[in-house]
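Engineer: This structure is in structure tokens; I'll ask about it shortly.
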Amino acid sequence: MKKSISVFLLLTIQLLMANVSLPYIFSDNMVLQRNSKIPVWGFASPHEKVSVSFKNQTKSTVADQNGNWKVNLDQEKEGGPFTLTIKGNNEIVFKNVLVGDVWLCSGQSNMEWALSSSEGYKEELNQKEFPLIRHIKIERKINSLPQNNLAKTEWNVANASTIGDFSAVAYFFAKKMYHERQVPIGIINSSWGGTVIEAWIPKNAFEQSPYFKEMIANMPQIDIESLQQKNFEAKTAFFEKKLNAKIADFNQEQFLSADYNASALKDLYVPKAWEQQGFEGLDGVAWVRKTIVLSDEDLAGNAVLYLGKIDDEDLTYFNGKLVGQMKQWSDDRIYTIPKEILKKGENIIAVKVNDTGGGGGLWSNDDEVKLVTAQKSIPLAGNWKFAVEKIYAAINQNEFPSLIYNAMIHPIEDFRISGMLWYQGESNAERAYEYNQSFPLLINSWRQRFGENLPFYFVQLATFNTKGDSNEGCDWCEVRDAQLNTTKMKNTGMVVTTDVGNPNDIHPRNKKTVGERLANLALNNGLKSPIYQKSTVKGNKITISFNTKEKLISKNNEILKGFEIAGNDQKFYPAKAEIKKNKIVVTCEKVSNPVAVRYGWKGDDSEINLFTEKGLPVAPFRTDSFKLSTENKKYQFELK
């Protein structure tokens with residue numbers, strides 16, 4: 001009897017013990033930083049002994065009273081694959097681990113942008129696979145307090161089945177780095193479209209900033225969970241009233257059925273974002289459904305369903321059968337409908353839309369939404385039946401500072417890296433001048449956590465058709481100016497993209513050039529865009545010098561474009577510019593006593609044509625210190 005009790009107690013104690021575990025930044029296929037101490041950390045029972053083995057070394061430690069533990073493995077040279085083994089009350093083995101260079105890639109949508117939606121994706125699928133390139137996507141998450149773990153995720157090996165979901169900029173960066181250095185390359189992709197820079201900066205960095213400390217001192221204590229619940233309840237009540245239906249009552253099988261009577265459902269115009277139709281703030285899962293009639297002639301062959309763009313993800317059904325699905329909100333949905341699915345008479349098209357934030361629904365032009373059969377083209381624009389399956393309980397990630405940093409950066413601060421890549425600024429355009437404060441603050445705060453001397457390379461905003469110019473003010477240009485100013489910080493570098501943007505698309509698809517130019521900075525091979533250095537005024541001329549010995553040229557031997565000149569009245573006029581002794585001499589008949597020059601000072605600056613002989617564009621700049629249009633705009637969190 002005593003023996004039975006002892007066995008029972010032993011089993012109970014073992015069940016109460018926490019298994020050793022690690023944050024999700026650790027997984028099979030990961031890359032660990034070479035030539036650096038390798039921190040490995042995680043969670044266990046209080047005072048539990050933990051050992052970590054990697055290659056020829058084993059190190060042990062004891063978890064503290066809260067169950068946290070950490071060891072620092074000795075540095076290793078590049079190579080692999082290896083296994084990483086962690087032992088406590090249980091054992092964890094990570095396989096196919098490489099040692100190489102790891103880069104943290106962050107920012108908003110142009111960094112997050114998937115390779116599958118970029119130029120050159122099909123060519124990449126046909127090339128040799130790159131098993132020494134690895135990528136991990138940090139899942140979107142926010143929190144009011146710094147977290148010790150990420151949302152669940154894992155490292156992936158670069159191959160035809162995975163690279164479509166890689167950050168395109170990061171993938172092309174990694175590919176060039178691998179080709180040049182022949183060492184494994186790991187990419188940590190922690191990015192989120194539409195985010196402001198303040199969401200990525202730690203709270204204590206704001207507290208230590210003379211510029212931001214008053215702002216952060218006024219920030220209330222927030223509880224994400226209670227805010228989300230309050231938000232969820234309010235949205236649910238609001239949308240159920242508009243829909244005249246209980247969201248919890250939605251039934252997918254019923255909705256897809258040909259026998260379902262959808263007449264009581266609300267109408268939604270397709271294609272048009274549902275936020276523009278009275279459903280502002282709807283983030284979640286919603287459905288649209290339409291009935292069409294086909295004739296015998298329509299059934300002669302396969303049909304093609306065109307749905308245009310869907311924000312963000314879709315699952316599309318035809319007569320109850322799944323016919324296509326895509327994840328990228330900016331991609332056109334074109335799905336083939338096998339003739340076996342088609343039927344004479346009524347046919348049901350149903351689309352499940354998962355909107356993770358921002359705009360939602362089908363949103364292209366009317367003529368892009370149609371069904372093309374063997375007989376005819378059937379327009380589908382118009383009213384569809386609308387139902388909501390699920391509402392996401394969330395607050396906006398930009399609503400308060402530091403929310404993204406807490407959940408997507410803080411949990412990985414101990415993971416060693418080679419450097420950081422950043423592509424962001426579009427969402428800060430309204431407060432562009434303040435970016436002169438916030439961007440250096442982000443860089444310094446991240447370096448304090450990941451490594452003081454780590455390189456930080458970033459992308460200047462691309463060409464985009466935004467309003468404004470030198471005389472009216474242009475917030476897009478003022479972000480570029482702040483980014484240019486940030487190059488004065490030690491061990492930073494900026495990629496100029498005026499020649500690879502798209503005036504009509506805030507997400508230019510040429511990510512290969514951007515990624516490779518970032519790699520050139522990391523490789524320190526001298527391939528970087530010239531930056532304005534100084535100007536001298538003599539008579540009616542201003543001479544501009546740059547920080548380069550590379551020969552400057554006018555692209556296509558055309559006259560230099562994009563230069564403006566101003567006098568003391570601060571009114572800018574188009575100017576004549578000439579290359580003389582690798583400097584630029586700028587004049588204008590309307591300005592006899594010039595004091596300032598600007599170059600490329602428009603959102604759409606795709607016409608500017610001052611390049612190096614090696615094909616790199618000169619960065620837009622200004623020589624003046626005139627007051628800018630966004631100088632009085634400051635960051636404010638949204639108190640509700």
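Simple scheme: letters A, B, ... for chains in structure tokens order, numbers from 1 for residues in each chain, numbers from 1 for ligands in the order shown.
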If we count only C-alpha atoms and set the cut-off at 10 Å, which residues sit around Gln252 of chain A, ignoring sequence neighbours fewer than 3 positions away in its own chain? Please answer as an NGL selection string.
Structural biologist: :A and (249 or 255-257 or 287 or 352 or 389)
Engineer: For Ala596 of chain A, work out the shell of residues within 7 Å, counting only C-alpha atoms and skipping chain neighbours fewer than 5 positions away, then give it as a list in words.
Structural biologist: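 Residues meeting the cut-off are Ile565, Ala566, Gly567, Thr623 and Asp624 of chain A.
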Engineer: So that I can see what lies close to Lys77 of chain A, please list as a list in words the residues with an atom at most 7 Å from it, counting only C-alpha atoms and leaving out residues fewer than 4 positions away in the same chain.
Structural biologist: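 Surrounding residues, per the criterion: Arg34, Asn35 and Val99 of chain A.
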Engineer: Would you mind exporting all heavy atoms of the selected residues as a PDB file, in the first residue's frame?
Structural biologist:
ATOM      1  N   ARG A  34      27.087  32.750 -36.929  1.00  0.00           N
ATOM      2  CA  ARG A  34      28.483  32.300 -36.842  1.00  0.00           C
ATOM      3  C   ARG A  34      29.355  33.333 -36.128  1.00  0.00           C
ATOM      4  O   ARG A  34      28.998  34.517 -36.025  1.00  0.00           O
ATOM      5  CB  ARG A  34      29.038  32.043 -38.242  1.00  0.00           C
ATOM      6  CG  ARG A  34      29.102  33.280 -39.121  1.00  0.00           C
ATOM      7  CD  ARG A  34      29.779  32.980 -40.442  1.00  0.00           C
ATOM      8  NE  ARG A  34      29.701  34.130 -41.347  1.00  0.00           N
ATOM      9  CZ  ARG A  34      30.570  34.362 -42.325  1.00  0.00           C
ATOM     10  NH1 ARG A  34      31.568  33.539 -42.523  1.00  0.00           N
ATOM     11  NH2 ARG A  34      30.434  35.421 -43.109  1.00  0.00           N
ATOM     12  N   ASN A  35      30.527  32.878 -35.666  1.00  0.00           N
ATOM     13  CA  ASN A  35      31.564  33.743 -35.085  1.00  0.00           C
ATOM     14  C   ASN A  35      31.024  34.638 -33.969  1.00  0.00           C
ATOM     15  O   ASN A  35      31.428  35.795 -33.815  1.00  0.00           O
ATOM     16  CB  ASN A  35      32.210  34.605 -36.182  1.00  0.00           C
ATOM     17  CG  ASN A  35      32.823  33.765 -37.288  1.00  0.00           C
ATOM     18  OD1 ASN A  35      33.257  32.635 -37.049  1.00  0.00           O
ATOM     19  ND2 ASN A  35      32.841  34.294 -38.500  1.00  0.00           N
ATOM     20  N   VAL A  99      24.854  26.967 -39.294  1.00  0.00           N
ATOM     21  CA  VAL A  99      25.542  28.122 -38.711  1.00  0.00           C
ATOM     22  C   VAL A  99      25.972  29.012 -39.866  1.00  0.00           C
ATOM     23  O   VAL A  99      26.609  28.555 -40.821  1.00  0.00           O
ATOM     24  CB  VAL A  99      26.769  27.697 -37.884  1.00  0.00           C
ATOM     25  CG1 VAL A  99      27.483  28.922 -37.324  1.00  0.00           C
ATOM     26  CG2 VAL A  99      26.343  26.770 -36.751  1.00  0.00           C
TER      27      VAL A  99
END
Engineer: Residues of segment 34-146 of chain A that have any atom at most 9 Å from an atom of segment 321-333 of chain A: could you tabulate them with the shortest-distance atom pair and the distance in Å to one decimal, using only C-alpha atoms, ordered by chain and increasing number, as a Markdown table?
Structural biologist:
| residue | atom | partner | partner_atom | distance |
| --- | --- | --- | --- | --- |
| A:Trp113 | CA | A:Gln328 | CA | 8.6 |
| A:Ala114 | CA | A:Gln328 | CA | 7.7 |
| A:Ser116 | CA | A:Gln328 | CA | 8.5 |
| A:Ser117 | CA | A:Asp331 | CA | 6.8 |
Engineer: According to DSSP computed on the backbone, where in segment 489-592 of chain A is there strand (DSSP E)? Give the residues as a ChimeraX atom specification.
Structural biologist: /A:492-495,532-538,541-546,552-554,563-566,572-574,576-580,583-587
Engineer: Write the residues you've just listed into a file as a short mmCIF file (atom, residue, chain, number, x, y, z; two decimals), in the first residue's frame, and include N, CA, C and O atoms for each of them.
Structural biologist:
data_model
loop_
_atom_site.label_atom_id
_atom_site.label_comp_id
_atom_site.auth_asym_id
_atom_site.auth_seq_id
_atom_site.Cartn_x
_atom_site.Cartn_y
_atom_site.Cartn_z
N THR A 492 25.32 52.76 -40.98
CA THR A 492 24.04 52.66 -41.66
C THR A 492 24.27 52.78 -43.16
O THR A 492 25.33 53.25 -43.60
N GLY A 493 23.29 52.37 -43.93
CA GLY A 493 23.36 52.51 -45.37
C GLY A 493 21.97 52.56 -45.95
O GLY A 493 21.04 51.94 -45.42
N MET A 494 21.80 53.31 -47.03
CA MET A 494 20.48 53.52 -47.61
C MET A 494 20.46 53.10 -49.08
O MET A 494 21.33 53.48 -49.86
N VAL A 495 19.43 52.35 -49.43
CA VAL A 495 19.20 51.98 -50.82
C VAL A 495 18.24 52.98 -51.45
O VAL A 495 17.18 53.28 -50.88
N TYR A 532 24.22 63.45 -51.39
CA TYR A 532 24.61 64.86 -51.36
C TYR A 532 25.53 65.14 -50.17
O TYR A 532 25.29 64.70 -49.06
N GLN A 533 26.62 65.88 -50.46
CA GLN A 533 27.60 66.18 -49.43
C GLN A 533 27.64 67.65 -49.07
O GLN A 533 27.52 68.03 -47.91
N LYS A 534 27.81 68.54 -50.07
CA LYS A 534 27.85 69.97 -49.77
C LYS A 534 27.54 70.77 -51.03
O LYS A 534 27.52 70.23 -52.15
N SER A 535 27.29 72.07 -50.84
CA SER A 535 27.04 72.97 -51.97
C SER A 535 27.80 74.27 -51.76
O SER A 535 28.05 74.69 -50.62
N THR A 536 28.20 74.89 -52.85
CA THR A 536 28.85 76.20 -52.81
C THR A 536 28.16 77.12 -53.79
O THR A 536 27.79 76.70 -54.89
N VAL A 537 27.98 78.38 -53.38
CA VAL A 537 27.31 79.36 -54.21
C VAL A 537 28.33 80.36 -54.73
O VAL A 537 29.14 80.90 -53.97
N LYS A 538 28.28 80.59 -56.04
CA LYS A 538 29.16 81.59 -56.66
C LYS A 538 28.38 82.27 -57.77
O LYS A 538 28.05 81.65 -58.79
N LYS A 541 25.31 80.62 -59.72
CA LYS A 541 25.47 79.17 -59.81
C LYS A 541 25.60 78.54 -58.43
O LYS A 541 26.21 79.14 -57.53
N ILE A 542 25.06 77.34 -58.30
CA ILE A 542 25.29 76.53 -57.11
C ILE A 542 25.93 75.23 -57.56
O ILE A 542 25.41 74.54 -58.45
N THR A 543 27.05 74.90 -56.95
CA THR A 543 27.77 73.67 -57.30
C THR A 543 27.56 72.64 -56.21
O THR A 543 27.76 72.92 -55.02
N ILE A 544 27.15 71.44 -56.63
CA ILE A 544 26.79 70.36 -55.71
C ILE A 544 27.86 69.27 -55.74
O ILE A 544 28.26 68.81 -56.81
N SER A 545 28.30 68.85 -54.56
CA SER A 545 29.26 67.75 -54.44
C SER A 545 28.61 66.56 -53.75
O SER A 545 27.70 66.72 -52.92
N PHE A 546 29.11 65.37 -54.10
CA PHE A 546 28.56 64.12 -53.55
C PHE A 546 29.68 63.30 -52.91
O PHE A 546 30.86 63.48 -53.21
N LEU A 552 29.75 60.29 -62.38
CA LEU A 552 28.35 60.63 -62.51
C LEU A 552 27.99 60.80 -63.98
O LEU A 552 28.75 61.38 -64.75
N ILE A 553 26.79 60.32 -64.34
CA ILE A 553 26.33 60.43 -65.72
C ILE A 553 24.86 60.80 -65.74
O ILE A 553 24.14 60.64 -64.75
N SER A 554 24.43 61.28 -66.88
CA SER A 554 23.01 61.46 -67.14
C SER A 554 22.51 60.21 -67.85
O SER A 554 23.03 59.83 -68.90
N PHE A 563 16.06 68.93 -61.13
CA PHE A 563 16.74 69.95 -60.32
C PHE A 563 15.91 71.22 -60.26
O PHE A 563 15.30 71.64 -61.24
N GLU A 564 15.87 71.84 -59.05
CA GLU A 564 15.19 73.11 -58.84
C GLU A 564 16.11 74.03 -58.05
O GLU A 564 16.97 73.56 -57.30
N ILE A 565 15.87 75.31 -58.19
CA ILE A 565 16.72 76.28 -57.51
C ILE A 565 15.84 77.39 -56.95
O ILE A 565 14.78 77.71 -57.50
N ALA A 566 16.26 77.97 -55.80
CA ALA A 566 15.48 79.02 -55.16
C ALA A 566 16.39 80.10 -54.62
O ALA A 566 17.56 79.86 -54.30
N PHE A 572 10.86 77.88 -55.50
CA PHE A 572 11.69 77.05 -56.36
C PHE A 572 11.22 77.09 -57.81
O PHE A 572 10.01 77.12 -58.10
N TYR A 573 12.22 77.07 -58.71
CA TYR A 573 11.98 77.04 -60.14
C TYR A 573 12.78 75.90 -60.77
O TYR A 573 13.87 75.56 -60.29
N PRO A 574 12.25 75.32 -61.84
CA PRO A 574 13.04 74.29 -62.56
C PRO A 574 14.36 74.89 -63.00
O PRO A 574 14.44 76.06 -63.42
N LYS A 576 18.50 74.40 -64.73
CA LYS A 576 19.41 73.71 -65.62
C LYS A 576 20.56 73.13 -64.79
O LYS A 576 21.11 73.81 -63.92
N ALA A 577 20.90 71.90 -65.07
CA ALA A 577 21.98 71.25 -64.31
C ALA A 577 22.93 70.57 -65.28
O ALA A 577 22.51 69.94 -66.25
N GLU A 578 24.23 70.71 -65.00
CA GLU A 578 25.25 70.12 -65.85
C GLU A 578 26.30 69.43 -64.98
O GLU A 578 26.58 69.86 -63.85
N ILE A 579 26.86 68.35 -65.51
CA ILE A 579 27.93 67.64 -64.82
C ILE A 579 29.27 68.25 -65.21
O ILE A 579 29.61 68.29 -66.40
N LYS A 580 30.00 68.74 -64.24
CA LYS A 580 31.32 69.32 -64.47
C LYS A 580 32.28 68.84 -63.39
O LYS A 580 32.06 69.10 -62.21
N LYS A 583 30.91 67.05 -60.48
CA LYS A 583 30.01 67.81 -59.63
C LYS A 583 28.86 68.32 -60.49
O LYS A 583 28.92 68.27 -61.72
N ILE A 584 27.82 68.82 -59.85
CA ILE A 584 26.66 69.31 -60.59
C ILE A 584 26.58 70.82 -60.40
O ILE A 584 26.55 71.32 -59.27
N VAL A 585 26.54 71.52 -61.52
CA VAL A 585 26.42 72.98 -61.50
C VAL A 585 24.98 73.32 -61.90
O VAL A 585 24.51 72.94 -62.99
N VAL A 586 24.30 74.07 -61.03
CA VAL A 586 22.87 74.33 -61.21
C VAL A 586 22.64 75.83 -61.37
O VAL A 586 23.16 76.64 -60.58
N THR A 587 21.86 76.20 -62.40
CA THR A 587 21.53 77.61 -62.65
C THR A 587 20.07 77.72 -63.10
O THR A 587 19.46 76.74 -63.52
#
Engineer: For Pro530 of chain A, work out the shell of residues within 6 Å, counting only C-alpha atoms and skipping chain neighbours fewer than 2 positions away, then give it as a PyMOL selection string.
Structural biologist: chain A and resi 547-548+618
Engineer: Can I get the selected residues back with C-alpha atoms, as a PDB file, in the first residue's frame?
Structural biologist:
ATOM      1  CA  ASN A 547      30.252  61.534 -51.347  1.00  0.00           C
ATOM      2  CA  THR A 548      31.441  59.412 -54.253  1.00  0.00           C
ATOM      3  CA  VAL A 618      21.726  59.534 -56.895  1.00  0.00           C
TER       4      VAL A 618
END
Engineer: Env of Ala151 of chain A: 10 Å cut, atoms = only C-alpha atoms, seq-sep filter 3 positions within chain, self excluded. Answer as a PyMOL selection string.
Structural biologist: chain A and resi 23-25+138-142+154+407-408+411
Engineer: Okay, now the selection with all heavy atoms, as a short mmCIF file (atom, residue, chain, number, x, y, z; two decimals), in the first residue's frame?
Structural biologist:
data_model
loop_
_atom_site.label_atom_id
_atom_site.label_comp_id
_atom_site.auth_asym_id
_atom_site.auth_seq_id
_atom_site.Cartn_x
_atom_site.Cartn_y
_atom_site.Cartn_z
N PRO A 23 11.52 29.26 -26.93
CA PRO A 23 10.71 30.17 -27.75
C PRO A 23 10.66 29.67 -29.20
O PRO A 23 11.53 28.93 -29.66
CB PRO A 23 11.46 31.50 -27.66
CG PRO A 23 12.30 31.38 -26.44
CD PRO A 23 12.68 29.94 -26.32
N TYR A 24 9.65 30.13 -29.94
CA TYR A 24 9.44 29.65 -31.30
C TYR A 24 10.48 30.14 -32.30
O TYR A 24 10.47 29.71 -33.46
CB TYR A 24 8.03 30.02 -31.78
CG TYR A 24 6.95 29.23 -31.08
CD1 TYR A 24 5.97 29.89 -30.32
CD2 TYR A 24 6.91 27.85 -31.15
CE1 TYR A 24 4.98 29.16 -29.67
CE2 TYR A 24 5.92 27.12 -30.51
CZ TYR A 24 4.96 27.79 -29.77
OH TYR A 24 3.98 27.06 -29.13
N ILE A 25 11.38 31.03 -31.87
CA ILE A 25 12.48 31.40 -32.76
C ILE A 25 13.40 30.21 -33.00
O ILE A 25 14.15 30.17 -33.97
CB ILE A 25 13.26 32.61 -32.20
CG1 ILE A 25 14.23 33.20 -33.24
CG2 ILE A 25 13.99 32.24 -30.92
CD1 ILE A 25 13.57 33.79 -34.45
N ILE A 138 7.83 35.92 -38.58
CA ILE A 138 7.26 36.20 -37.28
C ILE A 138 5.80 36.61 -37.47
O ILE A 138 5.51 37.57 -38.19
CB ILE A 138 8.03 37.32 -36.55
CG1 ILE A 138 9.53 37.00 -36.51
CG2 ILE A 138 7.47 37.53 -35.16
CD1 ILE A 138 9.89 35.70 -35.86
N GLU A 139 4.89 35.84 -36.88
CA GLU A 139 3.47 36.09 -37.09
C GLU A 139 3.03 37.39 -36.42
O GLU A 139 3.54 37.77 -35.37
CB GLU A 139 2.65 34.91 -36.55
CG GLU A 139 2.94 33.60 -37.26
CD GLU A 139 2.67 33.66 -38.75
OE1 GLU A 139 1.65 34.26 -39.14
OE2 GLU A 139 3.49 33.12 -39.53
N ARG A 140 2.06 38.05 -37.04
CA ARG A 140 1.57 39.32 -36.53
C ARG A 140 0.93 39.15 -35.14
O ARG A 140 0.09 38.29 -34.92
CB ARG A 140 0.51 39.88 -37.48
CG ARG A 140 1.03 40.24 -38.86
CD ARG A 140 -0.13 40.69 -39.71
NE ARG A 140 0.30 41.21 -41.01
CZ ARG A 140 -0.53 41.74 -41.89
NH1 ARG A 140 -1.82 41.81 -41.62
NH2 ARG A 140 -0.08 42.20 -43.04
N LYS A 141 1.36 40.02 -34.25
CA LYS A 141 0.84 39.95 -32.89
C LYS A 141 1.18 41.25 -32.18
O LYS A 141 2.20 41.87 -32.46
CB LYS A 141 1.47 38.75 -32.15
CG LYS A 141 0.80 38.40 -30.83
CD LYS A 141 1.45 37.16 -30.24
CE LYS A 141 0.81 36.79 -28.91
NZ LYS A 141 1.48 35.60 -28.30
N ILE A 142 0.33 41.67 -31.26
CA ILE A 142 0.61 42.86 -30.46
C ILE A 142 0.41 42.52 -28.98
O ILE A 142 -0.27 41.56 -28.63
CB ILE A 142 -0.29 44.06 -30.83
CG1 ILE A 142 -1.78 43.70 -30.66
CG2 ILE A 142 0.00 44.52 -32.24
CD1 ILE A 142 -2.71 44.88 -30.87
N GLU A 154 7.83 28.84 -37.48
CA GLU A 154 8.97 27.94 -37.67
C GLU A 154 9.81 28.39 -38.86
O GLU A 154 9.35 29.13 -39.72
CB GLU A 154 8.50 26.50 -37.89
CG GLU A 154 7.66 26.31 -39.14
CD GLU A 154 7.16 24.89 -39.30
OE1 GLU A 154 7.38 24.08 -38.38
OE2 GLU A 154 6.54 24.58 -40.33
N ALA A 407 5.61 42.26 -28.89
CA ALA A 407 5.23 40.90 -29.26
C ALA A 407 6.08 40.29 -30.37
O ALA A 407 6.18 39.07 -30.47
CB ALA A 407 3.76 40.88 -29.69
N MET A 408 6.73 41.13 -31.20
CA MET A 408 7.40 40.60 -32.39
C MET A 408 8.90 40.87 -32.44
O MET A 408 9.58 40.32 -33.30
CB MET A 408 6.73 41.18 -33.65
CG MET A 408 5.28 40.73 -33.82
SD MET A 408 4.45 41.50 -35.24
CE MET A 408 5.44 40.92 -36.62
N PRO A 411 10.73 39.28 -27.97
CA PRO A 411 10.98 37.85 -27.71
C PRO A 411 12.22 37.28 -28.39
O PRO A 411 12.66 36.18 -28.04
CB PRO A 411 9.71 37.17 -28.26
CG PRO A 411 8.67 38.23 -28.27
CD PRO A 411 9.40 39.49 -28.59
#
